[in-house]
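What follows is input-v7.txt (compact mmCIF, C-alpha atoms).
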# COMPACT_ATOMS: atom_id res chain seq x y z
CA MET A 1136 22.56 20.50 -20.66
CA ARG A 1137 26.17 20.16 -19.53
CA ILE A 1138 27.12 16.80 -18.01
CA THR A 1139 30.33 15.97 -16.14
CA PRO A 1140 30.87 12.31 -15.19
CA SER A 1141 33.03 12.13 -12.05
CA GLY A 1142 35.95 9.75 -11.52
CA ALA A 1143 33.91 7.75 -9.00
CA PHE A 1144 31.05 7.40 -11.46
CA ARG A 1145 33.46 6.13 -14.13
CA ARG A 1146 34.76 3.54 -11.67
CA ASP A 1147 31.15 2.52 -10.85
CA LEU A 1148 30.42 2.17 -14.55
CA ARG A 1149 33.43 -0.10 -15.16
CA ARG A 1150 32.27 -2.44 -12.40
CA LEU A 1151 28.77 -2.93 -13.84
CA ASP A 1152 27.62 -5.76 -16.08
CA ARG A 1153 27.96 -4.78 -19.71
CA SER A 1154 24.19 -4.60 -20.31
CA VAL A 1155 23.55 -2.52 -17.18
CA ALA A 1156 26.43 -0.18 -18.08
CA GLU A 1157 24.85 0.23 -21.52
CA ASP A 1158 21.50 1.12 -19.87
CA VAL A 1159 23.29 3.75 -17.79
CA ILE A 1160 25.02 5.26 -20.82
CA GLN A 1161 21.80 5.35 -22.84
CA ALA A 1162 19.97 7.05 -19.97
CA LEU A 1163 22.68 9.72 -19.81
CA GLU A 1164 22.58 10.23 -23.58
CA LEU A 1165 18.83 10.77 -23.34
CA PHE A 1166 19.25 13.05 -20.34
CA CYS A 1167 21.66 15.19 -22.33
CA SER A 1168 19.18 15.72 -25.12
CA ASP A 1169 15.90 15.70 -23.17
CA HIS A 1170 16.24 15.83 -19.40
CA LYS A 1171 12.47 15.82 -18.99
CA ALA A 1172 11.98 12.53 -20.84
CA LYS A 1173 9.38 10.53 -18.94
CA ALA A 1174 11.40 7.31 -19.17
CA LEU A 1175 14.09 8.88 -17.00
CA ASN A 1176 11.72 9.35 -14.05
CA PHE A 1177 13.75 12.36 -12.81
CA GLU A 1178 13.45 12.53 -8.98
CA THR A 1179 14.75 14.88 -6.32
CA VAL A 1180 16.76 13.30 -3.49
CA ARG A 1181 14.99 14.73 -0.46
CA SER A 1182 17.55 13.66 2.10
CA ARG A 1183 20.44 15.57 0.44
CA LYS A 1184 19.99 18.98 -1.10
CA GLY A 1185 21.10 19.56 -4.69
CA TYR A 1186 20.96 15.92 -5.79
CA PHE A 1187 18.68 14.16 -8.24
CA THR A 1188 18.34 10.68 -9.70
CA ILE A 1189 17.29 9.32 -13.05
CA ARG A 1190 16.32 5.78 -13.99
CA ALA A 1191 18.71 3.62 -16.02
CA ASN A 1192 16.58 0.49 -15.79
CA TYR A 1193 14.10 -1.08 -13.37
CA SER A 1194 16.57 -1.47 -10.54
CA VAL A 1195 19.35 0.98 -11.26
CA ARG A 1196 19.35 4.75 -10.90
CA ILE A 1197 22.01 7.36 -11.64
CA LEU A 1198 22.82 10.00 -9.05
CA LEU A 1199 23.34 13.56 -10.30
CA ARG A 1200 24.49 16.72 -8.55
CA LEU A 1201 23.28 20.07 -9.81
CA THR A 1202 26.30 22.37 -10.01
CA ALA A 1203 24.80 25.31 -11.95
CA PRO A 1204 21.59 25.88 -13.92
CA SER A 1205 21.50 23.12 -16.58
CA GLU A 1206 24.81 21.67 -15.37
CA PHE A 1207 25.08 18.33 -13.58
CA ASP A 1208 27.88 16.16 -12.28
CA VAL A 1209 27.17 12.45 -12.65
CA VAL A 1210 28.39 11.12 -9.32
CA ALA A 1211 27.27 7.52 -8.75
CA VAL A 1212 25.19 4.55 -9.82
CA GLY A 1213 22.84 3.00 -7.27
CA ASN A 1214 21.14 -0.37 -7.37
CA HIS A 1215 17.78 0.55 -5.81
CA ASP A 1216 14.72 2.11 -7.39
CA TYR A 1217 11.48 3.57 -6.07
CA ILE A 1218 8.50 1.22 -6.10
CA TYR A 1219 4.73 1.38 -6.58
CA ALA A 1220 1.98 -0.34 -4.62
CA SER A 1221 1.02 -3.90 -5.45
CA TYR A 1222 -2.42 -4.35 -3.92
CA PHE A 1223 -3.87 -7.57 -2.54
CA ARG A 1224 -6.50 -9.07 -4.84
CA LYS A 1225 -8.45 -12.17 -4.05
CA MET B 735 39.46 13.40 14.75
CA ALA B 736 39.30 9.79 13.61
CA ALA B 737 37.50 8.53 16.70
CA THR B 738 35.00 11.42 16.73
CA ALA B 739 34.22 11.05 13.05
CA ARG B 740 33.84 7.28 13.37
CA HIS B 741 31.54 7.70 16.37
CA ASN B 742 29.49 10.30 14.46
CA VAL B 743 29.11 8.01 11.47
CA MET B 744 27.89 5.16 13.65
CA ASP B 745 25.58 7.49 15.52
CA ALA B 746 24.22 9.19 12.42
CA LEU B 747 23.63 6.11 10.41
CA SER B 748 22.38 3.58 12.91
CA LEU B 749 18.79 2.79 11.99
CA PRO B 750 16.18 2.26 14.69
CA ALA B 751 15.01 -1.36 14.99
CA GLY B 752 12.33 -2.25 12.47
CA MET B 753 9.10 -4.20 12.90
CA ASP B 754 8.94 -7.97 12.40
CA TRP B 755 5.68 -8.26 10.44
CA ALA B 756 5.45 -12.03 10.34
CA THR B 757 5.79 -12.42 14.13
CA GLU B 758 3.44 -9.51 14.84
CA PHE B 759 0.65 -10.87 12.68
CA ALA B 760 1.11 -14.56 13.44
CA VAL B 761 -0.91 -14.24 16.67
CA VAL B 762 -3.85 -12.28 15.23
CA ASP B 763 -7.04 -14.32 15.24
CA ASN B 764 -9.86 -11.77 14.89
CA LEU B 765 -10.61 -8.76 12.72
CA ASP B 766 -10.42 -6.16 15.50
CA ASP B 767 -6.94 -7.32 16.43
CA PHE B 768 -5.97 -7.27 12.78
CA ARG B 769 -7.05 -3.64 12.44
CA ARG B 770 -5.33 -2.70 15.70
CA LYS B 771 -2.08 -4.30 14.51
CA ILE B 772 -2.28 -2.33 11.30
CA ASP B 773 -2.94 0.92 13.21
CA ASP B 774 0.15 0.16 15.33
CA PHE B 775 2.14 -0.68 12.23
CA ASP B 776 1.13 2.59 10.58
CA ARG B 777 2.11 4.63 13.67
CA GLN B 778 5.37 2.78 14.36
CA ILE B 779 6.57 2.95 10.82
CA ALA B 780 5.86 6.71 10.53
CA SER B 781 7.76 7.44 13.71
CA TRP B 782 10.60 5.07 12.69
CA ARG B 783 10.92 6.92 9.39
CA ALA B 784 10.90 10.38 10.99
CA GLU B 785 13.52 9.30 13.54
CA ALA B 786 15.78 7.64 10.97
CA ILE B 787 15.70 10.59 8.54
CA ALA B 788 16.26 13.18 11.27
CA ASN B 789 19.13 11.08 12.69
CA MET B 790 20.76 10.77 9.34
CA GLN B 791 20.54 14.42 8.38
CA ALA B 792 21.82 15.68 11.71
CA GLY B 793 24.53 13.03 11.82
CA LEU B 794 25.86 13.70 8.34
CA GLY B 795 26.09 17.38 9.28
CA ARG B 796 28.12 16.45 12.38
CA ILE B 797 30.44 14.23 10.32
CA LYS B 798 31.10 17.08 7.86
CA GLU B 799 31.86 19.33 10.80
CA ALA B 800 34.22 16.78 12.39
CA VAL B 801 36.31 16.39 9.23
CA LYS B 802 36.33 20.07 8.26
CA GLY B 803 39.77 21.11 7.03
CA VAL B 804 40.96 17.50 6.62
CA PRO B 805 41.88 16.50 3.03
CA ALA B 806 38.93 14.63 1.48
CA ASP B 807 40.83 11.37 0.90
CA GLN B 808 42.07 11.23 4.51
CA ALA B 809 38.64 12.11 5.86
CA TRP B 810 37.05 9.39 3.75
CA GLU B 811 39.53 6.81 4.99
CA VAL B 812 38.19 7.40 8.50
CA ILE B 813 34.54 7.43 7.50
CA ALA B 814 34.55 4.58 4.97
CA PRO B 815 34.29 1.47 7.22
CA SER B 816 31.29 2.71 9.21
CA PHE B 817 29.76 4.16 6.09
CA ALA B 818 29.86 0.78 4.35
CA GLU B 819 28.04 -0.72 7.35
CA ALA B 820 25.43 2.04 7.19
CA LEU B 821 24.85 1.48 3.52
CA GLU B 822 24.46 -2.24 4.19
CA ALA B 823 21.93 -1.49 6.97
CA VAL B 824 19.82 0.59 4.60
CA GLY B 825 20.05 -2.19 2.01
CA GLU B 826 18.88 -4.69 4.65
CA ALA B 827 15.94 -2.45 5.63
CA LEU B 828 15.04 -2.16 1.94
CA ARG B 829 14.97 -5.94 1.66
CA THR B 830 12.60 -6.09 4.65
CA TYR B 831 10.09 -3.91 2.81
CA SER B 832 10.71 -5.24 -0.67
CA ARG B 833 7.79 -7.66 -0.59
CA PRO B 834 4.11 -6.80 -0.08
CA MET B 835 2.99 -8.04 3.32
CA HIS B 836 0.27 -10.23 1.84
CA GLU B 837 2.96 -12.19 -0.06
CA ILE B 838 4.78 -13.26 3.13
CA PRO B 839 3.68 -16.89 3.63
CA GLU B 840 2.93 -16.63 7.41
CA ILE B 841 0.82 -13.52 6.85
CA ALA B 842 -0.90 -14.89 3.74
CA GLU B 843 -1.97 -17.85 5.86
CA ARG B 844 -3.41 -15.53 8.57
CA VAL B 845 -5.17 -13.41 5.94
CA ASP B 846 -6.70 -16.52 4.48
CA PHE B 847 -7.96 -17.59 7.91
CA LEU B 848 -9.36 -14.13 8.76
CA SER B 849 -11.05 -13.76 5.36
CA ARG B 850 -13.21 -16.78 6.14
CA LEU B 851 -14.47 -15.59 9.52
CA ASP B 852 -17.70 -14.10 8.14
CA ALA B 853 -19.30 -12.81 4.97
CA LYS B 854 -17.94 -9.24 5.23
CA SER B 855 -14.46 -10.05 6.40
CA GLY B 856 -12.97 -10.44 2.91
CA ARG B 857 -13.78 -6.83 2.01
CA PHE B 858 -12.52 -5.60 5.37
CA ILE B 859 -9.22 -7.46 4.97
CA ARG B 860 -8.67 -6.10 1.46
CA LYS B 861 -9.19 -2.56 2.73
CA GLN B 862 -6.72 -3.05 5.59
CA LEU B 863 -4.13 -4.64 3.32
CA ARG B 864 -4.36 -1.68 0.96
CA ARG B 865 -3.47 0.54 3.92
CA VAL B 866 -0.48 -1.67 4.77
CA GLU B 867 0.69 -1.68 1.18
CA ASP B 868 0.53 2.12 0.98
CA VAL B 869 2.59 2.37 4.16
CA ARG B 870 5.11 -0.19 2.87
CA VAL B 871 5.62 1.72 -0.38
CA ILE B 872 6.09 5.03 1.43
CA GLN B 873 8.60 3.35 3.73
CA TYR B 874 10.48 1.64 0.91
CA ASN B 875 10.71 4.85 -1.10
CA ALA B 876 11.88 6.83 1.93
CA LEU B 877 14.64 4.24 2.46
CA THR B 878 15.56 4.44 -1.22
CA ASP B 879 15.84 8.20 -0.84
CA MET B 880 18.08 7.69 2.22
CA TYR B 881 20.23 5.30 0.20
CA TYR B 882 20.78 7.93 -2.51
CA GLY B 883 21.30 10.58 0.17
CA LEU B 884 24.15 8.43 1.51
CA LEU B 885 25.67 7.96 -1.95
CA ALA B 886 25.41 11.73 -2.42
CA PHE B 887 27.24 12.28 0.86
CA ARG B 888 29.95 9.85 -0.19
CA SER B 889 30.35 11.63 -3.53
CA GLU B 890 31.27 14.83 -1.70
CA PHE B 891 34.57 13.20 -0.74
CA ASP B 892 35.37 12.10 -4.30
CA ASP B 893 37.65 13.69 -6.84
CA GLN B 894 35.52 16.31 -8.60
CA GLU B 895 37.61 16.58 -11.78
CA GLY B 896 36.32 15.31 -15.13
CA LEU B 897 35.55 16.11 -18.75
CA SER B 898 32.25 17.88 -19.47
CA PHE B 899 29.87 17.16 -22.34
CA ASN B 900 27.07 19.11 -23.97
CA ASP B 901 26.39 16.45 -26.56
CA GLY B 902 24.82 13.11 -25.64
CA ASN B 903 26.54 11.20 -28.44
CA ALA B 904 29.98 12.46 -27.46
CA LEU B 905 29.24 11.58 -23.82
CA GLY B 906 28.12 8.07 -24.80
CA GLU B 907 31.16 7.55 -26.98
CA ASP B 908 33.50 8.61 -24.19
CA LEU B 909 31.82 6.38 -21.59
CA ARG B 910 31.73 3.33 -23.88
CA LYS B 911 35.54 3.47 -24.08
CA LEU B 912 35.52 2.42 -20.41
CA LEU B 913 33.66 -0.79 -21.21
CA VAL B 914 36.14 -2.16 -23.70
For this file, produce the structure as structure tokens.
Amino acid sequence: MRITPSGAFRRDLRRLDRSVAEDVIQALELFCSDHKAKALNFETVRSRKGYFTIRANYSVRILLRLTAPSEFDVVAVGNHDYIYASYFRK
Amino acid sequence: MAATARHNVMDALSLPAGMDWATEFAVVDNLDDFRRKIDDFDRQIASWRAEAIANMQAGLGRIKEAVKGVPADQAWEVIAPSFAEALEAVGEALRTYSRPMHEIPEIAERVDFLSRLDAKSGRFIRKQLRRVEDVRVIQYNALTDMYYGLLAFRSEFDDQEGLSFNDGNALGEDLRKLLV
């Protein structure tokens, strides 16, 4: 897996809290060695072709752009994550 | 170019008005009305989502077309203000759907009232609320996808240069230098 962090991503990373930035870095380290790791919750961005996200922590995801087979640019950090249903119980 | 691009951004990224759950459900006082409201909710939200996604995809295409041939940094200067508003609008919509409906105090109160109407109403209400929750989650996740779609669009105007890494440890080491 070949990973290229963009300038904008580096700027995003500098602006994050230290602990969140560390989560982001650890997620990318894991992605480099095992992109299918379940903890990363790899998802396709359906509204923009060629983009994917992985989970850094419960509220932060990392945006990736596929540039060639097994090659990704890391382009941004976003502060929203997908959710699951929380059903009414009473 | 500037005016056209700005207009396209506004046009592409303006979200249709959402549904005010608390107001809608505050007037429900029987189970049939409750189910009807949820049917409406289901329909409205599906059509809202389809309209918003189609708008966004077509609009982003038009923006790209309008700034074709313009250097990326100049193009972004034109797009940026409206884009920030659009991103904020998606964030606002996400906040609207961030909480299960049954946790909104006004609705919880109505649910409580309706659950006591007769012996079977509790089961009926639970079933309907499961439907609402499924719709909410689909909606929230579609908005999250739109949010990342917007960030992806923005990234296409960024500087694409950068060091590449095949090794996770080397990547981590390089990125940690930014945090010092």
Given a cut-off of 8 Å, which residues of chain A touch chain B, counting all atoms listed in the file, written out as number ranges by chain?
-> A: 1136-1143, 1145, 1148-1149, 1153, 1156-1157, 1160-1161, 1163-1168, 1180-1183, 1186, 1198, 1200, 1210-1211, 1213, 1215-1224
For B:Ala760, work out the shell of residues within 9 Å, counting all atoms listed in the file and skipping chain neighbours fewer than 5 positions away, then give it as a PyMOL selection string.
-> chain B and resi 755+840-841+843-844
Quick one: pull the distance between atom CA of A:Arg1196 and atom CA of A:Lys1184, Å, one decimal.
-> 17.3 Å
If you measure from atom CA of B:Ala756 to atom CA of B:Phe768, what distance in Å do you get, rounded to one decimal?
->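 Atom CA of B:Phe768 lies 12.6 Å from atom CA of B:Ala756.
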Using atom CA of B:Glu758 and atom CA of B:Ala827 as the two end points, give the distance in Å to one decimal.
->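 Spanning atom CA of B:Glu758 to atom CA of B:Ala827 is a straight-line distance of 17.1 Å.
With all atoms listed in the file as the basis for measurement, A:Leu1175 is the residue among A:Phe1187, A:Arg1150, A:Leu1175, A:Ala1203 that approaches A:Ala1162 most closely.
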